[in-house]
Amino acid sequence: MKYFRLVWKNAWRKKIRTLLTVLSVFVAFLLFALLSALGFAFRGGVDVADAERLIVIDKISLINLLPMSYMNRIAATDGVDAVTHASWFGGYYQEPRNQFGQFPVDPQTYFNMYPEFNIPAEQFEAFKRNRTGAVVGQELADSYGWKVGDRIPIQATIWTKADGGRTWEFDLEGIFSTDDPRGSSALMLFQYDYFEEARAFAKGTVGWYILRVAKGADPIQVANAIDLQFANSPSETETSTEAAFAQSFTKQFGNIALIVTLILGAVFFTLLLVSGNTMSQSVRERISELAVLKTLGFGDRAMLGIVLSESILIMLMGGLLGLGLGWLVVQGLAQQMGAFLPGIFLSPGAIAGGVAMMIGAGILAGIFPALTAMRLSIIDALARA
Amino acid sequence: MRGLRQIFAVTWLNLRNLPQRIGSSVVAVIGVAAVVLVFAAVLSMAKGFERTMISAGSDDTAIIMRSGSTSELTSGLSNDQTLIIANAPGVLKDGDTAVMSAELYVVVDVKKKSTNTDANVPFRGIQPGAFAVRNSVTLVEGRMFETGKNEIIVGRAAQREFAGLDTGSTIRFGQTEWHIVGAFEANGSVSESELWTDVITLQDVYRRGTSFQSVRVKLQGAGSLQELKDALEADPRISPDVMSEKEYYSEQAAPLSRFIKLLGYPLTILMSIGAVFGALNSMYSSVSVRGKEIATLRALGFGPISILFSTMIESTLLALVGGIVGGAAAYLVFNGFQVSTLNGASFSQVVFDFAVTPDLLIDGLYAALIIGAFGGLFPAIRAARLPVAQALREL
């Protein structure tokens with residue numbers, strides 16, 4: 001630390017070159033921050049899934065509906081603590097591109113199942129009392145500027161009403177938020193009773209069931225017991241944990257996410273290579289100065305430290321700026337586009353990984369020049385100059 | 001003329017002692033190559049996806065769905081409504097019968113070969129007219145399914161991408177066993193991602209009664225789409241969305257390809273900025289290493305303009321080499337690479353190839369040239385302005 005001024009002065013020996021190196025490191029880590037956040041969104045909430053919640057869907061495909069009569073049979077299964085259901089509404093607001101999750105649910109049991117959703121008690125009571133009431137997540141309300149009391153028309157793509165109409169109007173009774181900063185609340189919930197009464201077809205069905213496993217019960221056994229119960233019926237089921245369910249979605253995007261990650265990894269390392277090369281070059285050019293330092297009495301260890309510190313310093317300057325700007329951009333994106341790109345989040349793990357990479361890259365780029373500086377024979381070096 | 005000869009002479013001198021500065025030059029080249037590689041790779045994904053979706057659609061085929069549905073999956077039409085469509089004006093007739101196919105579109109879970117996890121594979125029930133309303137669907141293996149039996153024909157792309165779809169094998173969805181009796185090709189279009197069976201069989205197994213989800217009809221001619229649209233929209237018994245198949249598939253492709261491009265272009269710009277820094281660094285060090293040389297040339301009477309241009313040319317050539325290397329790598333690694341992904345618009349898998357097209361490669365080279373020009377400009381100005389006397393004294 002006592003050599004910090006020296007390291008600093010050395011680093012800015014050639015201002016333009018150092019500035020350019022810092023800037024390319026900056027770009028590399030800005031990219032890194034954005035991609036980590038995007039990767040998090042791609043993993044689709046796998047990290048926030050609750051291990052005690054199980055999802056029951058139709059075995060053939062999620063698009064097939066399950067009979068409402070399964071509700072009581074699932075609730076009566078050993079090891080099931082609570083059960084609720086949801087369905088896919090799949091409508092849009094004003095224009096087809098304004099799509100987000102809309103689910104007809106049973107308000108009381110649904111909110112019991114998801115304690116991480118917070119809603120003011122009086123808003124929740126109003127929602128339960130109003131047959132055409134709806135609640136939305138904070139992110140969604142922000143995106144469309146909705147306030148409690150608004151009347152929101154949703155265009156159905158699947159569920160035409162019994163009267164032939166396809167506009168469903170809801171009264172916004174409340175806005176909920178989620179405890180977990182990583183979770184998304186870009187969804188709209190409304191009363192299943194209204195949905196069931198007004199829809200033109202498929203009455204008596206739901207999309208999927210969500211259940212909570214009782215304390216001490218084995219989730220795998222409970223899942224098997226449920227699937228066994230409905231085996232050989234017209235609607236066979238497939239029960240999985242919330243994490244596995246979320247993962248099955250993410251995996252459907254499949255190789256795309258993997259390919260994007262691979263390409264970007266390659267890019268990132270190329271940028272580091274570019275900056276690493278310039279750094280070692282700048283040290284090589286100063287060999288004679290380093291020899292002078294040694295002549296003045298700096299030891300081998302000090303030489304190693306000084307050169308390595310310079311390299312790490314440059315990486316940290318560019319890298320921290322890049323991560324910082326990346327973080328700001330991600331915050332902005334999450335606020336502006338929460339409804340379209342839910343779950344975009346720069347995790348503390350990614351930030352720590354980024355800082356570790358800066359230090360690692362600094363050591364990699366600086367170690368060979370630093371070793372040269374350490375082993376430098378004063379006479380040779382001065383003679384070369 | 002003399003100016004040009006000067007520029008040429010100085011540039012040639014620069015290029016001949018390039019090997020002395022090989023380290024920083026190679027790094028600049030790699031930087032540019034990476035930009036072009038990523039640009040071409042990411043956008044070839046969008047290109048390939050669009051090609052697969054759009055080549056499926058034809059202008060002289062119309063698709064009719066329930067009004068308001070955003071895809072076949074969310075639509076629904078009754079048997080009576082399909083008969084109204086069959087008799088509507090504008091529909092091409094073969095003798096007395098309309099050239100059409102009323103279809104049912106469901107999704108089944110099939111394992112993806114690459115990950116061994118479930119994927120939403122589209123499963124379509126068709127009528128015999130399906131081949132006539134689509135361009136270039138041909139059976140290439142086995143035989144056609146028979147009506148009333150649980151038999152499937154599968155698209156070539158689906159067969160390559162998903163497990164257990166070989167001709168002759170049996171696959172189970174829920175309680176029903178299906179026999180795969182043949183495979184078809186469709187020019188690499190989206191149809192090749194699908195499984196096909198007889199629509200009546202599918203209605204029966206999926207308990208859909210006599211309902212359908214979409215109707216495709218062959219149109220009589222250029223004005224027929226509007227004619228059909230007007231006739232159906234005026235009919236109180238049906239409230240349809242009528243569009244050309246081409247229009248439908250373009251709409252289905254739009255969200256995902258927009259997403260890839262939204263990712264691809266900013267990425268390319270960000271990386272290009274990084275590559276410009278790399279090129280700048282390399283050219284600045286080239287100029288500073290050659291300080292004495294440049295000063296000597298100036299003392300001999302070479303003008304500042306020729307020094308400026310020679311530096312710019314060196315930088316541009318390096319970038320061009322990088323662009324060619326990156327483009328070639330993208331083409332060799334990614335062109336024709338098959339992937340499949342979930343298309344949100346239809347909630348089902350689409351199998352497609354990356355398409356590294358010539359226009360993408362040319363755009364990549366433009367990007368490389370721009371990077372080279374920017375990377376060379378300021379160092380070139382510095383080189384041209386180098387005070388001769390001072391630079392020579394530094395000897």
# chains A, B, ... in the order shown; residues from 1 in each chain; ligands from 1
$ residues_around --residues "B:Val242" --least-positions-apart "2" --cutoff "9 Å" --atoms "only C-alpha atoms" --output "number ranges by chain"
B: 62-67, 225-226, 228-229, 232-233, 240, 244
$ write_last_selection --atoms "N, CA and C atoms" --output "compact mmCIF listing (two decimals), in the first residue's frame"
# COMPACT_ATOMS: atom_id res chain seq x y z
N ALA B 62 -54.68 -19.10 -47.79
CA ALA B 62 -55.20 -18.27 -46.70
C ALA B 62 -55.38 -19.15 -45.48
N ILE B 63 -55.20 -18.55 -44.29
CA ILE B 63 -55.46 -19.29 -43.06
C ILE B 63 -56.58 -18.56 -42.32
N ILE B 64 -57.54 -19.32 -41.86
CA ILE B 64 -58.69 -18.73 -41.18
C ILE B 64 -58.74 -19.27 -39.75
N MET B 65 -58.79 -18.36 -38.77
CA MET B 65 -58.89 -18.74 -37.37
C MET B 65 -60.00 -17.93 -36.71
N ARG B 66 -60.34 -18.28 -35.46
CA ARG B 66 -61.34 -17.49 -34.75
C ARG B 66 -60.78 -16.10 -34.50
N SER B 67 -61.63 -15.10 -34.64
CA SER B 67 -61.20 -13.73 -34.46
C SER B 67 -60.56 -13.53 -33.08
N LEU B 225 -58.06 -13.17 -51.77
CA LEU B 225 -57.95 -13.06 -50.32
C LEU B 225 -58.94 -12.03 -49.79
N GLN B 226 -58.98 -10.86 -50.46
CA GLN B 226 -59.89 -9.81 -50.03
C GLN B 226 -61.34 -10.27 -50.18
N LEU B 228 -62.53 -13.32 -50.08
CA LEU B 228 -62.83 -14.30 -49.04
C LEU B 228 -63.04 -13.61 -47.70
N LYS B 229 -62.17 -12.64 -47.42
CA LYS B 229 -62.23 -11.89 -46.17
C LYS B 229 -63.57 -11.18 -46.06
N LEU B 232 -66.54 -13.66 -45.54
CA LEU B 232 -66.61 -14.31 -44.23
C LEU B 232 -66.93 -13.30 -43.13
N GLU B 233 -66.39 -12.08 -43.26
CA GLU B 233 -66.65 -11.09 -42.22
C GLU B 233 -68.09 -10.63 -42.23
N PRO B 240 -64.32 -14.51 -38.07
CA PRO B 240 -63.00 -15.05 -38.36
C PRO B 240 -61.91 -13.99 -38.47
N SER B 244 -53.27 -14.15 -45.16
CA SER B 244 -52.50 -15.07 -45.97
C SER B 244 -51.57 -15.84 -45.04
$ interface_residues --of "chain B" --to "chain A" --cutoff "8 Å" --atoms "only C-alpha atoms" --output "NGL selection string"
:B and (23-24 or 27-28 or 30-31 or 34-35 or 38 or 41-42 or 68-70 or 74-75 or 106-109 or 115 or 117-120 or 173-175 or 267 or 270-271 or 273-275 or 277-278 or 280-281 or 284 or 339-342 or 349)
$ residues_around --residues "B:Asp204" --least-positions-apart "3" --cutoff "12 Å" --atoms "only C-alpha atoms" --output "mmCIF file with C-alpha atoms, in the first residue's frame"
data_model
loop_
_atom_site.group_PDB
_atom_site.id
_atom_site.type_symbol
_atom_site.label_atom_id
_atom_site.label_comp_id
_atom_site.auth_asym_id
_atom_site.auth_seq_id
_atom_site.Cartn_x
_atom_site.Cartn_y
_atom_site.Cartn_z
ATOM 1 C CA LEU B 104 -56.358 -29.305 -35.152
ATOM 2 C CA GLY B 125 -54.330 -33.216 -37.237
ATOM 3 C CA GLY B 148 -58.854 -44.217 -38.332
ATOM 4 C CA LYS B 149 -55.567 -45.712 -37.154
ATOM 5 C CA ASN B 150 -53.223 -44.161 -34.620
ATOM 6 C CA THR B 176 -52.535 -43.637 -26.467
ATOM 7 C CA THR B 197 -51.892 -37.371 -38.149
ATOM 8 C CA ASP B 198 -55.429 -37.645 -39.394
ATOM 9 C CA VAL B 199 -57.548 -34.876 -37.892
ATOM 10 C CA ILE B 200 -60.457 -37.166 -37.008
ATOM 11 C CA THR B 201 -58.184 -39.467 -35.043
ATOM 12 C CA ARG B 207 -61.756 -35.305 -26.896
ATOM 13 C CA ARG B 208 -62.245 -32.257 -29.116
ATOM 14 C CA GLY B 209 -65.555 -33.462 -30.586
ATOM 15 C CA THR B 210 -65.812 -32.182 -34.141
ATOM 16 C CA SER B 211 -64.026 -28.894 -33.505
ATOM 17 C CA PHE B 212 -61.013 -27.554 -35.407
#
$ closest_residue --among "A:Ile226, A:Leu140, A:Leu323, A:Ala381" --to "A:Met357" --atoms "only C-alpha atoms"
A:Leu323
$ residues_around --residues "A:Leu346" --least-positions-apart "2" --cutoff "8 Å" --atoms "only C-alpha atoms" --output "PyMOL selection string"
chain A and resi 33-34+36-37+40+327+330+344+348+350-351
$ residues_around --residues "stretch 285-298 of chain A" --least-positions-apart "4" --cutoff "8 Å" --atoms "only C-alpha atoms" --output "MDAnalysis selection string"
chainID A and resid 281 302:303 373 376:378 381:382 384:385
$ closest_residue --among "A:Ile57, A:Ile154, A:Leu65, A:Ala86" --to "A:Gln99" --atoms "only C-alpha atoms"
A:Ile154
$ residues_around --residues "stretch 223-225 of chain A" --least-positions-apart "6" --cutoff "9 Å" --atoms "only C-alpha atoms" --output "mmCIF file with C-alpha atoms, in the first residue's frame"
data_model
loop_
_atom_site.group_PDB
_atom_site.id
_atom_site.type_symbol
_atom_site.label_atom_id
_atom_site.label_comp_id
_atom_site.auth_asym_id
_atom_site.auth_seq_id
_atom_site.Cartn_x
_atom_site.Cartn_y
_atom_site.Cartn_z
ATOM 1 C CA LEU A 54 -45.494 -28.975 -6.106
ATOM 2 C CA ILE A 55 -47.172 -28.318 -9.462
ATOM 3 C CA VAL A 56 -49.683 -30.794 -10.921
ATOM 4 C CA THR A 77 -53.952 -37.103 -0.429
ATOM 5 C CA ASP A 78 -51.591 -37.931 2.451
ATOM 6 C CA GLU A 238 -47.556 -35.219 -13.821
ATOM 7 C CA THR A 239 -46.500 -33.725 -10.520
ATOM 8 C CA SER A 240 -43.145 -31.995 -10.098
ATOM 9 C CA THR A 241 -41.512 -29.528 -7.773
#
$ atom_distance --atom1 "atom CA of B:Ser224" --atom2 "atom CA of B:Thr52"
26.0 Å
$ residues_around --residues "stretch 172-176 of chain A" --least-positions-apart "6" --cutoff "7 Å" --atoms "only C-alpha atoms" --output "JSON, numbers by chain"
{"A": [117, 118, 119, 123, 124, 126, 127, 133, 134, 135, 136, 137, 138, 148, 149, 150, 151, 152]}
$ write_last_selection --atoms "C-alpha atoms" --output "mmCIF file, in the first residue's frame"
data_model
loop_
_atom_site.group_PDB
_atom_site.id
_atom_site.type_symbol
_atom_site.label_atom_id
_atom_site.label_comp_id
_atom_site.auth_asym_id
_atom_site.auth_seq_id
_atom_site.Cartn_x
_atom_site.Cartn_y
_atom_site.Cartn_z
ATOM 1 C CA PHE A 117 -46.826 -11.815 -2.335
ATOM 2 C CA ASN A 118 -47.666 -8.868 -0.099
ATOM 3 C CA ILE A 119 -50.900 -6.972 -0.475
ATOM 4 C CA GLN A 123 -57.171 -4.192 -0.831
ATOM 5 C CA PHE A 124 -57.199 -7.967 -0.492
ATOM 6 C CA ALA A 126 -61.973 -5.670 -1.616
ATOM 7 C CA PHE A 127 -60.556 -8.106 -4.207
ATOM 8 C CA GLY A 133 -62.026 -7.637 -9.277
ATOM 9 C CA ALA A 134 -58.370 -8.140 -10.142
ATOM 10 C CA VAL A 135 -54.978 -7.517 -8.548
ATOM 11 C CA VAL A 136 -51.692 -6.911 -10.353
ATOM 12 C CA GLY A 137 -48.041 -6.958 -9.390
ATOM 13 C CA GLN A 138 -46.192 -3.716 -8.767
ATOM 14 C CA VAL A 148 -56.325 1.015 -7.769
ATOM 15 C CA GLY A 149 -59.855 1.773 -8.992
ATOM 16 C CA ASP A 150 -58.958 1.615 -12.726
ATOM 17 C CA ARG A 151 -61.095 -0.462 -15.034
ATOM 18 C CA ILE A 152 -58.845 -2.664 -17.165
#
$ closest_residue --among "B:Leu219, B:Met312, B:Ala88, B:Ile269" --to "B:Thr61" --atoms "only C-alpha atoms"
B:Leu219
$ atom_distance --atom1 "atom CA of A:Asn72" --atom2 "atom CA of A:Ala200"
24.5 Å
$ closest_residue --among "A:Phe32, A:Thr84, A:Ser280, A:Gly204" --to "A:Leu325" --atoms "only C-alpha atoms"
A:Phe32
$ closest_residue --among "A:Gln331, A:Phe230, A:Ser347, A:Leu320" --to "A:Arg73" --atoms "only C-alpha atoms"
A:Phe230
$ closest_residue --among "B:Ile313, B:Leu297, B:Ala46, B:Ala329" --to "B:Ala373" --atoms "only C-alpha atoms"
B:Ile313
$ atom_distance --atom1 "atom CA of B:Ser78" --atom2 "atom CA of B:Tyr248"
20.7 Å
$ select_by_dssp --residues "stretch 146-273 of chain A" --states "alpha helix (DSSP H)" --output "NGL selection string"
:A and (192-198 or 219-229 or 242-253 or 255-273)
$ select_by_dssp --residues "stretch 11-249 of chain B" --states "strand (DSSP E)" --output "ChimeraX atom specification"
/B:61-66,93-94,97-98,100-111,118-126,138-142,151-155,170-173,176-185,195-198,214-218,240-244
